[in-house]
file my_file18.csv (CSV, C-alpha atoms)
chain,number,residue,atom,x,y,z
J,1,MET,CA,13.7,-28.9,-54.8
J,2,SER,CA,15.1,-27.0,-51.8
J,3,ASN,CA,16.6,-24.4,-54.2
J,4,ASN,CA,13.2,-23.9,-55.8
J,5,GLN,CA,11.6,-23.5,-52.5
J,6,GLY,CA,14.2,-21.0,-51.4
J,7,PHE,CA,13.7,-19.0,-54.6
J,8,VAL,CA,9.9,-19.0,-54.1
J,9,ARG,CA,10.3,-18.0,-50.5
J,10,SER,CA,12.6,-15.1,-51.5
J,11,LEU,CA,9.7,-13.7,-53.5
J,12,PHE,CA,7.6,-13.3,-50.4
J,13,ASP,CA,9.9,-13.1,-47.4
J,14,SER,CA,12.8,-10.7,-46.9
J,15,ASN,CA,16.1,-12.0,-45.6
J,16,ILE,CA,17.4,-9.2,-43.4
J,17,ASN,CA,21.1,-8.3,-42.7
J,18,PRO,CA,21.0,-7.9,-38.9
J,19,VAL,CA,23.8,-5.3,-39.0
J,20,ASN,CA,22.3,-2.7,-41.3
J,21,ARG,CA,18.7,-4.0,-41.5
J,22,LYS,CA,18.8,-4.1,-45.3
J,23,ALA,CA,17.2,-6.9,-47.3
J,24,ARG,CA,19.4,-9.5,-49.1
J,25,ASN,CA,16.6,-10.3,-51.5
J,26,ILE,CA,13.6,-8.5,-53.1
J,27,PRO,CA,10.3,-9.8,-51.8
J,28,ILE,CA,8.7,-8.7,-55.0
J,29,LEU,CA,5.4,-10.5,-54.5
J,30,ASN,CA,4.7,-9.2,-51.0
J,31,ILE,CA,3.6,-5.6,-50.7
J,32,MET,CA,2.8,-6.2,-47.0
J,33,ASP,CA,6.6,-6.5,-46.4
J,34,LYS,CA,8.1,-3.0,-46.1
J,35,TYR,CA,11.0,-4.0,-48.4
J,36,GLY,CA,8.6,-5.2,-51.1
J,37,ARG,CA,6.5,-2.1,-50.6
J,38,ALA,CA,9.4,0.3,-50.8
J,39,PHE,CA,10.6,-1.4,-54.0
J,40,HIS,CA,7.2,-1.2,-55.7
J,41,LEU,CA,6.5,2.4,-54.6
J,42,SER,CA,9.9,3.5,-55.9
J,43,TRP,CA,9.5,2.2,-59.4
J,44,LEU,CA,5.8,3.1,-59.6
J,45,GLY,CA,6.5,6.7,-58.7
J,46,PHE,CA,9.2,6.8,-61.4
J,47,PHE,CA,6.8,5.0,-63.8
J,48,VAL,CA,3.9,7.5,-63.5
J,49,ALA,CA,6.3,10.4,-63.6
J,50,PHE,CA,7.8,9.2,-66.9
J,51,LEU,CA,4.3,8.5,-68.2
J,52,SER,CA,3.3,12.1,-67.6
J,53,TRP,CA,6.7,13.6,-68.6
J,54,PHE,CA,6.6,11.8,-72.0
J,55,ALA,CA,2.8,12.3,-72.5
J,56,PHE,CA,3.3,15.2,-74.9
J,57,PRO,CA,5.5,13.7,-77.6
J,58,PRO,CA,3.0,11.1,-78.9
J,59,LEU,CA,0.5,14.0,-79.5
J,60,LEU,CA,2.8,16.8,-80.5
J,61,HIS,CA,3.0,15.9,-84.2
J,62,GLY,CA,-0.8,15.3,-84.4
J,63,ALA,CA,-3.5,16.8,-82.2
J,64,ILE,CA,-1.4,19.4,-80.4
J,65,GLN,CA,0.4,20.6,-83.5
J,66,GLU,CA,-2.8,21.0,-85.5
J,67,ASP,CA,-4.7,22.7,-82.6
J,68,LEU,CA,-1.9,25.1,-81.7
J,69,GLN,CA,-0.6,25.6,-85.2
J,70,LEU,CA,3.0,24.7,-84.0
J,71,THR,CA,6.0,25.0,-86.2
J,72,LYS,CA,8.8,22.3,-86.2
J,73,ALA,CA,11.0,24.7,-84.3
J,74,GLN,CA,8.4,25.3,-81.5
J,75,ILE,CA,7.9,21.5,-81.1
J,76,ALA,CA,11.7,21.1,-80.9
J,77,ASN,CA,12.0,23.9,-78.3
J,78,SER,CA,9.3,22.4,-76.1
J,79,ASN,CA,11.1,19.0,-76.2
J,80,ILE,CA,14.4,20.7,-75.2
J,81,VAL,CA,12.9,22.7,-72.4
J,82,GLY,CA,11.3,19.5,-70.9
J,83,LEU,CA,14.7,17.8,-70.8
J,84,VAL,CA,16.6,20.9,-69.5
J,85,ALA,CA,14.1,21.2,-66.6
J,86,THR,CA,14.9,17.6,-65.5
J,87,LEU,CA,18.7,18.2,-65.6
J,88,LEU,CA,18.3,21.2,-63.3
J,89,VAL,CA,15.8,19.5,-61.0
J,90,ARG,CA,18.0,16.4,-60.5
J,91,VAL,CA,20.9,18.6,-59.2
J,92,ILE,CA,18.5,20.0,-56.6
J,93,VAL,CA,16.7,16.8,-55.7
J,94,GLY,CA,19.9,14.9,-54.8
J,95,PRO,CA,20.7,17.1,-51.8
J,96,LEU,CA,17.0,17.1,-50.8
J,97,CYS,CA,17.1,13.3,-50.6
J,98,ASP,CA,20.1,13.5,-48.3
J,99,ARG,CA,18.3,15.9,-46.0
J,100,TYR,CA,14.6,14.8,-46.1
J,101,GLY,CA,14.8,11.2,-47.5
J,102,PRO,CA,13.7,9.8,-50.8
J,103,ARG,CA,10.1,9.1,-49.9
J,104,LEU,CA,9.1,12.7,-49.2
J,105,VAL,CA,11.2,14.0,-52.1
J,106,MET,CA,9.4,11.5,-54.4
J,107,VAL,CA,6.1,12.8,-53.2
J,108,GLY,CA,7.2,16.4,-53.7
J,109,CYS,CA,8.4,15.8,-57.2
J,110,LEU,CA,5.2,13.9,-58.1
J,111,LEU,CA,2.8,16.6,-56.7
J,112,SER,CA,4.9,19.4,-58.3
J,113,GLY,CA,4.6,17.7,-61.7
J,114,ALA,CA,0.9,17.0,-61.0
J,115,MET,CA,0.2,20.7,-60.6
J,116,ALA,CA,1.9,21.4,-64.0
J,117,THR,CA,0.0,18.5,-65.6
J,118,ALA,CA,-3.3,19.8,-64.2
J,119,CYS,CA,-2.6,23.1,-66.1
J,120,THR,CA,-2.3,21.4,-69.5
J,121,PRO,CA,-6.0,22.1,-70.5
J,122,LEU,CA,-5.2,25.8,-70.2
J,123,ILE,CA,-2.6,25.8,-73.0
J,124,SER,CA,-3.5,28.0,-75.9
J,125,ASN,CA,-0.3,28.7,-77.7
J,126,ALA,CA,3.3,27.6,-78.1
J,127,THR,CA,4.7,29.8,-75.3
J,128,GLU,CA,2.3,28.3,-72.8
J,129,LEU,CA,3.1,24.8,-74.0
J,130,ILE,CA,6.8,25.4,-73.5
J,131,ILE,CA,6.2,26.8,-70.0
J,132,ILE,CA,4.0,23.9,-69.0
J,133,ARG,CA,6.5,21.4,-70.4
J,134,PHE,CA,9.2,23.0,-68.3
J,135,PHE,CA,7.4,22.5,-65.1
J,136,VAL,CA,6.2,19.0,-66.1
J,137,GLY,CA,9.9,18.2,-66.5
J,138,ILE,CA,10.2,18.3,-62.7
J,139,LEU,CA,8.8,14.7,-62.9
J,140,GLY,CA,12.1,13.6,-64.5
J,141,GLY,CA,13.7,14.3,-61.1
J,142,THR,CA,12.0,11.2,-59.6
J,143,PHE,CA,14.8,9.0,-60.9
J,144,VAL,CA,17.0,10.3,-58.0
J,145,PRO,CA,14.7,9.4,-55.1
J,146,CYS,CA,13.8,6.1,-56.9
J,147,GLN,CA,17.4,5.0,-56.8
J,148,VAL,CA,18.2,6.4,-53.3
J,149,TRP,CA,15.1,4.6,-51.9
J,150,THR,CA,16.0,1.2,-53.2
J,151,SER,CA,19.6,1.8,-52.1
J,152,GLN,CA,18.4,2.4,-48.6
J,153,PHE,CA,16.4,-0.9,-48.4
J,154,PHE,CA,18.6,-3.5,-50.2
J,155,ASP,CA,21.9,-4.9,-49.2
J,156,LYS,CA,25.1,-4.9,-51.3
J,157,ASN,CA,24.5,-8.4,-52.7
J,158,ILE,CA,21.2,-7.3,-54.3
J,159,VAL,CA,21.1,-3.5,-54.5
J,160,GLY,CA,22.4,-3.5,-58.1
J,161,LEU,CA,19.5,-5.7,-59.2
J,162,ALA,CA,17.0,-3.7,-57.2
J,163,ASN,CA,18.2,-0.4,-58.7
J,164,ALA,CA,18.2,-1.9,-62.2
J,165,LEU,CA,14.7,-3.3,-61.9
J,166,ALA,CA,13.3,-0.1,-60.4
J,167,ALA,CA,14.9,2.1,-63.0
J,168,GLY,CA,14.0,-0.2,-65.9
J,169,TRP,CA,10.4,-0.7,-64.9
J,170,GLY,CA,10.1,3.1,-64.1
J,171,ASN,CA,11.5,4.0,-67.6
J,172,ALA,CA,8.7,1.8,-69.1
J,173,GLY,CA,6.3,4.6,-68.3
J,174,GLY,CA,7.9,6.6,-71.1
J,175,GLY,CA,6.9,3.8,-73.5
J,176,ALA,CA,3.5,3.1,-72.1
J,177,THR,CA,2.4,6.7,-72.6
J,178,PHE,CA,3.0,6.4,-76.4
J,179,PHE,CA,0.2,3.8,-76.4
J,180,LEU,CA,-2.1,5.3,-73.7
J,181,MET,CA,-2.2,9.0,-74.7
J,182,PRO,CA,-3.2,8.6,-78.4
J,183,ALA,CA,-5.6,5.8,-77.4
J,184,ILE,CA,-7.4,8.1,-74.9
J,185,VAL,CA,-7.6,11.0,-77.4
J,186,SER,CA,-9.0,8.7,-80.0
J,187,LEU,CA,-11.5,7.3,-77.6
J,188,LEU,CA,-12.7,10.7,-76.5
J,189,MET,CA,-13.2,11.8,-80.0
J,190,SER,CA,-14.7,8.7,-81.6
J,191,LYS,CA,-16.9,7.4,-78.7
J,192,TYR,CA,-17.7,10.5,-76.6
J,193,GLY,CA,-17.8,13.2,-79.3
J,194,PHE,CA,-15.1,15.4,-78.0
J,195,SER,CA,-13.6,17.9,-80.4
J,196,GLN,CA,-9.8,17.6,-81.0
J,197,TYR,CA,-9.4,20.9,-79.1
J,198,TRP,CA,-10.8,19.2,-75.9
J,199,ALA,CA,-9.7,15.6,-76.5
J,200,TRP,CA,-6.0,16.1,-76.1
J,201,ARG,CA,-6.4,18.6,-73.3
J,202,MET,CA,-8.6,16.3,-71.2
J,203,ALA,CA,-6.4,13.3,-71.8
J,204,PHE,CA,-3.8,14.7,-69.4
J,205,PRO,CA,-6.0,15.1,-66.3
J,206,MET,CA,-7.8,11.9,-67.1
J,207,CYS,CA,-4.7,9.7,-67.2
J,208,PRO,CA,-1.4,11.1,-66.0
J,209,LEU,CA,-2.7,13.4,-63.4
J,210,VAL,CA,-4.9,10.8,-61.7
J,211,LEU,CA,-2.1,8.3,-61.7
J,212,ILE,CA,0.4,10.7,-60.3
J,213,VAL,CA,-1.8,11.8,-57.5
J,214,CYS,CA,-2.8,8.3,-56.5
J,215,ILE,CA,0.8,7.0,-56.4
J,216,ALA,CA,1.9,10.1,-54.4
J,217,ILE,CA,-0.8,9.5,-51.8
J,218,LEU,CA,0.1,5.8,-51.6
J,219,THR,CA,3.7,6.7,-51.2
J,220,LEU,CA,3.0,9.2,-48.5
J,221,ILE,CA,0.7,6.9,-46.5
J,222,PHE,CA,2.3,3.4,-47.0
J,223,GLY,CA,5.9,4.1,-47.7
J,224,ASP,CA,8.8,3.9,-45.2
J,225,ASP,CA,11.8,6.3,-45.2
J,226,THR,CA,14.2,3.6,-44.2
J,227,PRO,CA,14.1,0.0,-42.8
J,228,ASN,CA,14.2,1.6,-39.3
J,229,GLY,CA,11.3,4.0,-40.0
J,230,SER,CA,11.9,7.7,-40.1
J,231,TRP,CA,14.7,9.3,-42.1
J,232,SER,CA,16.2,10.7,-38.9
J,233,SER,CA,16.8,7.2,-37.7
J,234,ARG,CA,18.7,6.0,-40.7
J,235,HIS,CA,22.0,5.8,-38.9
J,236,LYS,CA,20.6,3.6,-36.1
J,237,HIS,CA,22.0,0.5,-37.8
J,238,ARG,CA,24.7,2.3,-39.8
J,239,ILE,CA,22.6,2.3,-43.0
call {"tool": "encode", "arguments": {"input": "my_file18.csv", "output": "structure tokens"}}
result
Amino acid sequence: MSNNQGFVRSLFDSNINPVNRKARNIPILNIMDKYGRAFHLSWLGFFVAFLSWFAFPPLLHGAIQEDLQLTKAQIANSNIVGLVATLLVRVIVGPLCDRYGPRLVMVGCLLSGAMATACTPLISNATELIIIRFFVGILGGTFVPCQVWTSQFFDKNIVGLANALAAGWGNAGGGATFFLMPAIVSLLMSKYGFSQYWAWRMAFPMCPLVLIVCIAILTLIFGDDTPNGSWSSRHKHRI
């Protein structure tokens, strides 16, 4: 009974290491706790980033290909560019996390990707699609601040699990978008009378863009850089 009580309590209350101020458990059901809040904001930022980053593939071989008259080579090139952008961004984002902290870098990545996502309705040809997908690829860089953030808040006995959960739940955004984006396009066309031309274009600002901006704002307002507060104070307890 005591073990069960201890487990339930660990879902709500954080057990803090007094030396480095990191949590020895994940208070996953308590967003009022700064450790629980940091955990959820880290994976949610990664989740919405992946949702938007992978929002194109489920529509590429249908609505987008038909509307823009894309060839297989153009589709493949757009996929490659989206991945290459992420590889480049992650190299830059790592040092930025070291300097400014994962919270602000997460917000920066999200808002940068949001601006590119907002430009999606302007796409009219393959070249513009490739350019937009390159800048949307910035969102893939959120993996880095996601992992740095959880590493800052959780102690060595639990940090592996915290990182795994945040990464795994965040990656789920790439799967969720394969359901959401076609469903939104279908809804806009069947229920609201949108043409295919407008349906796939409006699906991006209606879903990924709104989610990205909302999570970015929540992260900026309610997130903490470290258990001690600001990023500049991270060495106060030898974090």
call {"tool": "closest_residue", "arguments": {"input": "my_file18.csv", "among": "J:Ser151, J:Ser52, J:Ser112, J:Thr127", "to": "Leu209 of chain J", "atoms": "only C-alpha atoms"}}
result
J:Ser52
call {"tool": "atom_distance", "arguments": {"input": "my_file18.csv", "atom1": "atom CA of Pro145 of chain J", "atom2": "atom CA of Ile132 of chain J"}}
result
22.8 Å
call {"tool": "residues_around", "arguments": {"input": "my_file18.csv", "residues": "Ile217 of chain J", "least_positions_apart": "4", "cutoff": "8 Å", "atoms": "all atoms listed in the file", "output": "PyMOL selection string"}}
result
chain J and resi 107+213+221
call {"tool": "residues_around", "arguments": {"input": "my_file18.csv", "residues": "Leu70 of chain J", "least_positions_apart": "2", "cutoff": "12 Å", "atoms": "all atoms listed in the file", "output": "ChimeraX atom specification"}}
result
/J:59-68,72-78,124-130
call {"tool": "closest_residue", "arguments": {"input": "my_file18.csv", "among": "J:Thr142, J:Ser230, J:Ser190, J:Gln152", "to": "Leu44 of chain J", "atoms": "all atoms listed in the file"}}
result
J:Thr142
call {"tool": "atom_distance", "arguments": {"input": "my_file18.csv", "atom1": "atom CA of Leu51 of chain J", "atom2": "atom CA of Pro121 of chain J"}}
result
17.2 Å
call {"tool": "closest_residue", "arguments": {"input": "my_file18.csv", "among": "J:Lys34, J:Thr219, J:Gln196, J:Leu96", "to": "Pro182 of chain J", "atoms": "all atoms listed in the file"}}
result
J:Gln196
call {"tool": "atom_distance", "arguments": {"input": "my_file18.csv", "atom1": "atom CA of Ile31 of chain J", "atom2": "atom CA of Phe47 of chain J"}}
result
17.2 Å
call {"tool": "closest_residue", "arguments": {"input": "my_file18.csv", "among": "J:Asp155, J:Leu220, J:Phe39, J:Ser195", "to": "Arg21 of chain J", "atoms": "only C-alpha atoms"}}
result
J:Asp155
call {"tool": "closest_residue", "arguments": {"input": "my_file18.csv", "among": "J:Leu11, J:Met106, J:Ile215, J:Val89", "to": "Ile138 of chain J", "atoms": "only C-alpha atoms"}}
result
J:Val89
call {"tool": "residues_near_point", "arguments": {"input": "my_file18.csv", "point": "(11.1, 7.4, -50.4)", "cutoff": "12 Å", "atoms": "all atoms listed in the file", "output": "number ranges by chain"}}
result
J: 34-35, 37-46, 96-110, 142-153, 215-216, 218-227, 229-231
call {"tool": "build_atoms", "arguments": {"input": "my_file18.csv", "residues": "segment 200-215 of chain J", "atoms": "N, CA and C atoms", "output": "PDB file, in the coordinates of the input"}}
result
ATOM      1  N   TRP J 200      -7.376  16.226 -76.575  1.00  0.00           N
ATOM      2  CA  TRP J 200      -6.000  16.100 -76.100  1.00  0.00           C
ATOM      3  C   TRP J 200      -5.792  16.825 -74.778  1.00  0.00           C
ATOM      4  N   ARG J 201      -6.541  17.900 -74.553  1.00  0.00           N
ATOM      5  CA  ARG J 201      -6.400  18.600 -73.300  1.00  0.00           C
ATOM      6  C   ARG J 201      -6.940  17.797 -72.113  1.00  0.00           C
ATOM      7  N   MET J 202      -8.047  17.113 -72.303  1.00  0.00           N
ATOM      8  CA  MET J 202      -8.600  16.300 -71.200  1.00  0.00           C
ATOM      9  C   MET J 202      -7.926  15.015 -70.983  1.00  0.00           C
ATOM     10  N   ALA J 203      -7.159  14.559 -71.966  1.00  0.00           N
ATOM     11  CA  ALA J 203      -6.400  13.300 -71.800  1.00  0.00           C
ATOM     12  C   ALA J 203      -5.411  13.390 -70.667  1.00  0.00           C
ATOM     13  N   PHE J 204      -4.864  14.570 -70.437  1.00  0.00           N
ATOM     14  CA  PHE J 204      -3.800  14.700 -69.400  1.00  0.00           C
ATOM     15  C   PHE J 204      -4.417  14.614 -67.982  1.00  0.00           C
ATOM     16  N   PRO J 205      -5.479  15.331 -67.635  1.00  0.00           N
ATOM     17  CA  PRO J 205      -6.000  15.100 -66.300  1.00  0.00           C
ATOM     18  C   PRO J 205      -6.696  13.765 -66.116  1.00  0.00           C
ATOM     19  N   MET J 206      -7.166  13.155 -67.200  1.00  0.00           N
ATOM     20  CA  MET J 206      -7.800  11.900 -67.100  1.00  0.00           C
ATOM     21  C   MET J 206      -6.881  10.712 -66.808  1.00  0.00           C
ATOM     22  N   CYS J 207      -5.665  10.790 -67.335  1.00  0.00           N
ATOM     23  CA  CYS J 207      -4.700   9.700 -67.200  1.00  0.00           C
ATOM     24  C   CYS J 207      -3.516  10.038 -66.321  1.00  0.00           C
ATOM     25  N   PRO J 208      -2.558  10.813 -66.835  1.00  0.00           N
ATOM     26  CA  PRO J 208      -1.400  11.100 -66.000  1.00  0.00           C
ATOM     27  C   PRO J 208      -1.626  11.724 -64.689  1.00  0.00           C
ATOM     28  N   LEU J 209      -2.483  12.721 -64.665  1.00  0.00           N
ATOM     29  CA  LEU J 209      -2.700  13.400 -63.400  1.00  0.00           C
ATOM     30  C   LEU J 209      -3.299  12.528 -62.344  1.00  0.00           C
ATOM     31  N   VAL J 210      -4.301  11.739 -62.695  1.00  0.00           N
ATOM     32  CA  VAL J 210      -4.900  10.800 -61.700  1.00  0.00           C
ATOM     33  C   VAL J 210      -3.912   9.825 -61.204  1.00  0.00           C
ATOM     34  N   LEU J 211      -3.117   9.254 -62.095  1.00  0.00           N
ATOM     35  CA  LEU J 211      -2.100   8.300 -61.700  1.00  0.00           C
ATOM     36  C   LEU J 211      -1.067   8.852 -60.774  1.00  0.00           C
ATOM     37  N   ILE J 212      -0.595  10.039 -61.113  1.00  0.00           N
ATOM     38  CA  ILE J 212       0.400  10.700 -60.300  1.00  0.00           C
ATOM     39  C   ILE J 212      -0.073  10.943 -58.882  1.00  0.00           C
ATOM     40  N   VAL J 213      -1.254  11.508 -58.769  1.00  0.00           N
ATOM     41  CA  VAL J 213      -1.800  11.800 -57.500  1.00  0.00           C
ATOM     42  C   VAL J 213      -2.039  10.573 -56.635  1.00  0.00           C
ATOM     43  N   CYS J 214      -2.552   9.531 -57.259  1.00  0.00           N
ATOM     44  CA  CYS J 214      -2.800   8.300 -56.500  1.00  0.00           C
ATOM     45  C   CYS J 214      -1.514   7.670 -56.000  1.00  0.00           C
ATOM     46  N   ILE J 215      -0.475   7.617 -56.829  1.00  0.00           N
ATOM     47  CA  ILE J 215       0.800   7.000 -56.400  1.00  0.00           C
ATOM     48  C   ILE J 215       1.441   7.919 -55.319  1.00  0.00           C
TER      49      ILE J 215
END
